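First up is the structure itself, then whatever we jot down about it.
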Amino acid sequence: MAKKKIEKLTPEQERRLPQFRAEWLAHGCSTEIADRLRAQSTITKMYEIIGEPAPAFLWFDSPMAACLAIGLLKTIKNQPTLRGQLGSQLGSQLGSQLDSQLDSQLYSQLGSQLGSQLDSQLDSQLGSQLGSQLDSQLVSQLGSQLGSQLGSQLDSQLDSQLYSQLDRDLRGKARESVGEAFRMGWQTAWAAYYKFGAEIGVKYSPETAERLELWADLAQSCSWWWPYKGICVLSERPKLVSWDERARLHSPSGPALEYRDGYRLHMWHGTAVPESWITASDKLDPQTALTWQNVEQRRAAAEIIGWRRVLERLSPKVIDADADPEIGELLEVELPDAGMARFLKIQCGTGRTFVLSVPREMRTALQANSWTYDLKPKEYKLEVRT
């Protein structure tokens, strides 16, 4: 007789879910020094499972440094006059990735075992409340943003400093290594999903449970890593991670992500921006917010400068003006390469004037003001303003 599937969480499990998610989010966002011994022990066991001997471990203080080191070793392999015995050996080993073997051997059975014991509706609920939320912050923000920026920054850094064919090879190999990495956020998100399944009664086979623990250990002990035959390259965790209220990488006064060797990203509500826009925002010209090539960065520039200063260059049209300046005026203006846009110009209780971007479907100043509080106009109460 088939075992009955788990159809819903108990009240205690419902209360546990947000706490569990927060615990694993903390692992994925950790700024503590990596637990190197734990990580190396775990990876050694993973290698054993796929029939590989324990690798040599190479640690670096940031993913950037790790990518440059991998690129250098791979490049030296093809340069007989430079490589030497050690460089040749390391470079050859870095040509043999083990990621697909680790993927298939270490967690291929998890999905089928969890799916066979969870009702599909509960599976969807957990996927939404646990997996997707962790994935959004740790994978889409930390992983994707860092991966994207690494590629472009490797190009610009190596282009500005190097110039030979050897250097071009290095740049290409370093960029390749970005895609070869196992990323901390991805490990954390899915490991948490399967671990919570175990908490609510899903029974994994002893072999599968043991392998899940390996992935969970690794997610709790280090950051990005690159598994190769005979060598495993690892990056330290960041020393600083900063988020906005919507769980996007953001800092108005410094780097939103920074590593101990000085590598850092400057982010404005999830959008990567030049460092000077954050560190010298008073020098940022409103014209930048109108002409910068990247539209998302252009919007970020406008928000950093303040839409009021930007709109002064464009002569916006007043769509609706409320008698109360704290409800404000609804403005419309055509932004270069972005089309028509609407803004709410309001005056706060201290007499200062602000301009906020609002959806284009706003028709009145009251509707736009209510939208900023996630209210309907008839629900809007003026006393909520501060």
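Ordering of the structure tokens sets the chain letters (A, B, ...); residue numbers start at 1 within each chain; ligands are numbered from 1 in the order shown.
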
* To do: Please provide as an MDAnalysis selection string all residues within 8 Å of range 56-64 of chain A, with the sequence filter that same-chain residues fewer than 5 positions apart are discarded (counting only C-alpha atoms).
  => chainID A and resid 40 150 154 224 230:238 259:261 263

Spatial neighbours of range 267-271 of chain A, 12 Å, only C-alpha atoms, chain gap at least 4 places, as a short mmCIF file (atom, residue, chain, number, x, y, z; two decimals) with C-alpha atoms, in the first residue's frame:
```cif
data_model
loop_
_atom_site.label_atom_id
_atom_site.label_comp_id
_atom_site.auth_asym_id
_atom_site.auth_seq_id
_atom_site.Cartn_x
_atom_site.Cartn_y
_atom_site.Cartn_z
CA SER A 136 15.09 35.59 -5.65
CA GLN A 137 17.46 37.13 -3.13
CA SER A 140 18.90 36.48 -8.75
CA GLN A 141 20.58 39.16 -6.68
CA LEU A 142 23.79 37.84 -5.14
CA SER A 144 23.41 36.77 -10.98
CA GLN A 145 24.48 40.32 -10.18
CA LEU A 146 27.92 39.21 -9.06
CA SER A 148 27.25 39.56 -14.50
CA GLN A 149 29.52 42.19 -13.01
CA VAL A 241 26.33 42.72 2.06
CA SER A 242 23.68 45.47 2.07
CA TRP A 243 20.01 45.16 1.03
CA ASP A 244 17.05 47.49 0.57
CA GLU A 245 13.56 46.87 1.96
CA ARG A 246 12.66 44.72 -1.08
CA ALA A 247 15.69 42.44 -0.66
CA ARG A 248 17.66 43.97 -3.52
CA LEU A 249 21.37 44.75 -3.28
CA HIS A 250 21.56 48.43 -2.39
CA SER A 251 23.60 51.01 -0.54
CA PRO A 252 23.23 54.81 -0.90
CA SER A 253 26.58 55.57 0.71
CA GLY A 254 29.09 52.83 -0.22
CA PRO A 255 29.45 49.35 -1.73
CA ALA A 256 26.48 47.01 -1.46
CA LEU A 257 28.77 43.98 -1.75
CA GLU A 258 32.43 44.00 -0.69
CA GLU A 275 31.18 53.69 -8.03
CA SER A 276 31.36 57.46 -8.45
CA TRP A 277 27.55 57.71 -8.61
CA ILE A 278 27.47 56.54 -5.00
CA THR A 279 30.68 57.98 -3.57
CA SER A 281 26.64 61.63 -5.87
CA ASN A 294 21.72 51.79 -20.12
CA VAL A 295 18.09 52.62 -19.31
CA GLU A 296 18.05 50.89 -15.90
CA GLN A 297 21.19 52.72 -14.84
CA ARG A 298 19.69 55.93 -16.20
CA ARG A 299 16.71 55.50 -13.88
CA ALA A 300 19.03 54.77 -10.98
CA ALA A 301 20.95 57.97 -11.73
CA ALA A 302 17.69 59.94 -11.69
CA GLU A 303 16.75 58.52 -8.31
CA ILE A 304 20.20 59.24 -6.88
CA ILE A 305 20.12 62.82 -8.15
#
```

* So which bits of range 104-268 of chain A end up alpha helix (DSSP H) when you DSSP the backbone, as a ChimeraX atom specification? -> /A:104-107,110-115,120-126,133-134,144-161,165-180,184-199,206-219

* **Near-Glu7 in chain A list (7 Å; only C-alpha atoms; drop same-chain fewer than 5 positions) as a PyMOL selection string** => chain A and resi 118-119+122

Store the residues picked out above in a file with N, CA and C atoms, as a compact mmCIF listing (two decimals), in the first residue's frame.
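Wrote it out as selection_36.txt, contents follow:
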```txt
# COMPACT_ATOMS: atom_id res chain seq x y z
N LEU A 118 5.25 14.40 -1.13
CA LEU A 118 4.53 15.65 -0.88
C LEU A 118 3.37 15.80 -1.84
N ASP A 119 2.22 16.22 -1.33
CA ASP A 119 1.11 16.60 -2.18
C ASP A 119 1.54 17.76 -3.08
N LEU A 122 1.08 21.28 -1.68
CA LEU A 122 2.03 21.62 -0.63
C LEU A 122 3.41 21.85 -1.24
```

* To do: Work out how far apart CA of Asp169 in chain A and CA of Ile43 in chain A are and give it in Å to one decimal.
  => 29.5 Å

* Asked: So which one's closest to Trp215 in chain A, A:Leu134, A:Ala321, A:Ala39, A:Leu335? Using only C-alpha atoms, please.
  ->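 Of A:Leu134, A:Ala321, A:Ala39, A:Leu335, the one nearest Trp215 in chain A, counting only C-alpha atoms, is A:Ala39.
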
* **Atom pair CA of Ala365 in chain A / CA of Glu332 in chain A: separation (Å)** =>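 CA of Glu332 in chain A lies at a distance of 11.4 Å from CA of Ala365 in chain A.
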
* Asked: Which residue out of A:Lys74, A:Arg308, A:Lys376, A:Arg21 has the minimum interatomic distance to Leu356 in chain A when only C-alpha atoms are used?
  ->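 Closest residue, counting only C-alpha atoms: A:Arg308.
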
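Proximity of A:Trp24, A:Tyr193, A:Trp292, A:Trp307 to Val273 in chain A, computed with only C-alpha atoms, is greatest for A:Trp292.
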
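The closest residue to Arg171 in chain A, picked from A:Thr75, A:Ser128, A:Ser120, A:Ser112 and counting only C-alpha atoms, is A:Thr75.
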
* **Nearest to Met340 in chain A, chosen from A:Leu375, A:Ala34, A:Leu314, A:Leu130, with only C-alpha atoms counted in the distances** =>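 Counting only C-alpha atoms, the residue closest to Met340 in chain A is A:Leu314.
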
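Each of A:Pro286, A:Thr208, A:Pro227, A:Leu68 was checked against Lys195 in chain A using only C-alpha atoms; the smallest atom-to-atom distance is that of A:Thr208.
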
* Selection near Leu366 in chain A, 10 Å with only C-alpha atoms, sequence-local residues under 6 positions removed, as a list in words -> Asp320, Ala321, Asp322, Asp324, Glu326, Ile327, Gly328, Glu329, Leu330, Leu344, Lys376, Pro377, Lys378 and Tyr380 of chain A

For the selection just defined, write its residues with N, CA and C atoms to a file, as a PDB file, in the first residue's frame.
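The result, written out as result-v2.pdb:
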```
ATOM      1  N   ASP A 320      -2.746  66.774 -13.194  1.00  0.00           N
ATOM      2  CA  ASP A 320      -3.746  67.046 -12.160  1.00  0.00           C
ATOM      3  C   ASP A 320      -3.045  67.704 -10.972  1.00  0.00           C
ATOM      4  N   ALA A 321      -3.680  68.710 -10.405  1.00  0.00           N
ATOM      5  CA  ALA A 321      -3.120  69.390  -9.234  1.00  0.00           C
ATOM      6  C   ALA A 321      -4.170  69.420  -8.129  1.00  0.00           C
ATOM      7  N   ASP A 322      -3.839  68.861  -6.977  1.00  0.00           N
ATOM      8  CA  ASP A 322      -4.741  68.885  -5.838  1.00  0.00           C
ATOM      9  C   ASP A 322      -4.556  70.201  -5.068  1.00  0.00           C
ATOM     10  N   ASP A 324      -4.419  70.533  -2.003  1.00  0.00           N
ATOM     11  CA  ASP A 324      -3.535  70.278  -0.867  1.00  0.00           C
ATOM     12  C   ASP A 324      -2.133  69.941  -1.396  1.00  0.00           C
ATOM     13  N   GLU A 326       0.279  68.665   0.038  1.00  0.00           N
ATOM     14  CA  GLU A 326       0.784  67.388   0.561  1.00  0.00           C
ATOM     15  C   GLU A 326       0.192  66.198  -0.197  1.00  0.00           C
ATOM     16  N   ILE A 327      -0.846  66.441  -0.984  1.00  0.00           N
ATOM     17  CA  ILE A 327      -1.327  65.432  -1.938  1.00  0.00           C
ATOM     18  C   ILE A 327      -0.618  65.637  -3.269  1.00  0.00           C
ATOM     19  N   GLY A 328      -0.435  66.905  -3.651  1.00  0.00           N
ATOM     20  CA  GLY A 328       0.491  67.212  -4.724  1.00  0.00           C
ATOM     21  C   GLY A 328      -0.055  67.364  -6.122  1.00  0.00           C
ATOM     22  N   GLU A 329       0.875  67.308  -7.081  1.00  0.00           N
ATOM     23  CA  GLU A 329       0.568  67.435  -8.492  1.00  0.00           C
ATOM     24  C   GLU A 329       1.019  66.177  -9.236  1.00  0.00           C
ATOM     25  N   LEU A 330       0.196  65.768 -10.195  1.00  0.00           N
ATOM     26  CA  LEU A 330       0.568  64.656 -11.066  1.00  0.00           C
ATOM     27  C   LEU A 330       1.154  65.234 -12.349  1.00  0.00           C
ATOM     28  N   LEU A 344       4.755  62.161  -9.299  1.00  0.00           N
ATOM     29  CA  LEU A 344       3.992  62.890  -8.295  1.00  0.00           C
ATOM     30  C   LEU A 344       4.908  63.892  -7.613  1.00  0.00           C
ATOM     31  N   LYS A 376      -6.118  52.480  -1.848  1.00  0.00           N
ATOM     32  CA  LYS A 376      -7.012  53.045  -2.828  1.00  0.00           C
ATOM     33  C   LYS A 376      -7.325  54.479  -2.411  1.00  0.00           C
ATOM     34  N   PRO A 377      -7.647  55.340  -3.372  1.00  0.00           N
ATOM     35  CA  PRO A 377      -7.891  56.741  -3.013  1.00  0.00           C
ATOM     36  C   PRO A 377      -8.902  56.918  -1.893  1.00  0.00           C
ATOM     37  N   LYS A 378      -9.988  56.135  -1.905  1.00  0.00           N
ATOM     38  CA  LYS A 378     -11.008  56.301  -0.865  1.00  0.00           C
ATOM     39  C   LYS A 378     -10.528  55.811   0.502  1.00  0.00           C
ATOM     40  N   TYR A 380      -7.392  56.363   1.448  1.00  0.00           N
ATOM     41  CA  TYR A 380      -6.281  57.228   1.829  1.00  0.00           C
ATOM     42  C   TYR A 380      -6.677  58.161   2.970  1.00  0.00           C
TER      43      TYR A 380
END
```

* Determine, counting only C-alpha atoms, which protein, DNA and RNA residues have an atom within 10 Å of an atom of Gly131 in chain A; residues of the same chain fewer than 5 positions away are not included. Present the result as a list in words. =>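 Close residues of Gly131 in chain A: Arg21, Ser124, Gln125, Leu126, Ser136, Trp186, Thr188, Ala189, Trp190, Ala191, Ala192, Tyr193 and Tyr194 of chain A.
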
* To do: For Pro206 in chain A, work out the shell of residues within 12 Å, counting only C-alpha atoms and skipping chain neighbours fewer than 4 positions away, then give it as a list in words.
  => Gln109, Leu110, Gln113, Glu210, Arg211, Leu212 and Glu213 of chain A

Surrounding residues of Gly147 in chain A excluding itself and chain neighbours under 5 positions, 12 Å, only C-alpha atoms, as a PDB file with C-alpha atoms, in the first residue's frame:
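The resulting file, around.pdb, is shown below:
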```pdb
ATOM      1  CA  PRO A  63      35.445  35.552  -6.756  1.00  0.00           C
ATOM      2  CA  MET A  64      37.340  38.099  -8.862  1.00  0.00           C
ATOM      3  CA  CYS A  67      38.619  33.867 -11.609  1.00  0.00           C
ATOM      4  CA  VAL A 139      20.456  33.619  -6.787  1.00  0.00           C
ATOM      5  CA  SER A 140      18.896  36.481  -8.751  1.00  0.00           C
ATOM      6  CA  GLN A 141      20.584  39.163  -6.683  1.00  0.00           C
ATOM      7  CA  LEU A 142      23.795  37.839  -5.144  1.00  0.00           C
ATOM      8  CA  SER A 152      32.256  42.894 -17.489  1.00  0.00           C
ATOM      9  CA  GLN A 153      34.773  43.966 -14.844  1.00  0.00           C
ATOM     10  CA  LEU A 154      37.235  41.273 -15.900  1.00  0.00           C
ATOM     11  CA  ALA A 174      39.042  34.191 -16.575  1.00  0.00           C
ATOM     12  CA  ARG A 175      35.612  34.948 -18.043  1.00  0.00           C
ATOM     13  CA  GLU A 176      35.003  31.232 -18.648  1.00  0.00           C
ATOM     14  CA  SER A 177      35.585  30.526 -14.980  1.00  0.00           C
ATOM     15  CA  VAL A 178      32.607  32.714 -13.979  1.00  0.00           C
ATOM     16  CA  GLY A 179      30.231  30.241 -15.589  1.00  0.00           C
ATOM     17  CA  GLU A 180      32.104  27.246 -14.199  1.00  0.00           C
ATOM     18  CA  ALA A 181      31.556  28.226 -10.564  1.00  0.00           C
ATOM     19  CA  PHE A 182      29.176  26.583  -8.127  1.00  0.00           C
ATOM     20  CA  ARG A 183      27.454  29.550  -6.520  1.00  0.00           C
ATOM     21  CA  MET A 184      26.604  29.839  -2.854  1.00  0.00           C
ATOM     22  CA  GLY A 185      23.116  31.295  -3.348  1.00  0.00           C
ATOM     23  CA  TRP A 224      31.657  30.315  -4.576  1.00  0.00           C
ATOM     24  CA  LEU A 265      29.979  46.236  -6.255  1.00  0.00           C
ATOM     25  CA  ALA A 272      24.705  48.008 -10.691  1.00  0.00           C
TER      26      ALA A 272
END
```

* To do: Could you tell me, as a ChimeraX atom specification, which residues of range 9-229 of chain A DSSP assigns to strand (DSSP E) when given the backbone?
  => /A:56-60,225-228

Limited to N, CA and C atoms, could you put the picked residues into a file as a CSV table (one decimal), in the first residue's frame?
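Just written: result_0.csv:
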```
chain,number,residue,atom,x,y,z
A,56,ALA,N,43.6,19.3,-4.2
A,56,ALA,CA,44.3,20.4,-3.5
A,56,ALA,C,43.4,21.6,-3.5
A,57,PHE,N,43.4,22.3,-2.4
A,57,PHE,CA,42.5,23.5,-2.2
A,57,PHE,C,43.3,24.8,-2.4
A,58,LEU,N,42.7,25.6,-3.2
A,58,LEU,CA,43.3,27.0,-3.5
A,58,LEU,C,42.2,28.0,-3.0
A,59,TRP,N,42.5,28.8,-2.0
A,59,TRP,CA,41.5,29.8,-1.5
A,59,TRP,C,41.9,31.2,-1.9
A,60,PHE,N,40.9,32.0,-2.3
A,60,PHE,CA,41.1,33.4,-2.6
A,60,PHE,C,40.1,34.2,-1.9
A,225,TRP,N,32.7,28.3,-5.4
A,225,TRP,CA,33.8,27.3,-5.5
A,225,TRP,C,33.8,26.7,-6.9
A,226,TRP,N,34.9,26.2,-7.3
A,226,TRP,CA,35.2,25.7,-8.7
A,226,TRP,C,35.8,24.3,-8.5
A,227,PRO,N,35.1,23.2,-8.8
A,227,PRO,CA,35.6,21.9,-8.7
A,227,PRO,C,36.3,21.4,-10.0
A,228,TYR,N,37.5,21.0,-9.9
A,228,TYR,CA,38.2,20.5,-11.0
A,228,TYR,C,38.9,19.2,-10.6
```

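The space between CA of Gly143 in chain A and CA of Leu98 in chain A spans 20.0 Å.
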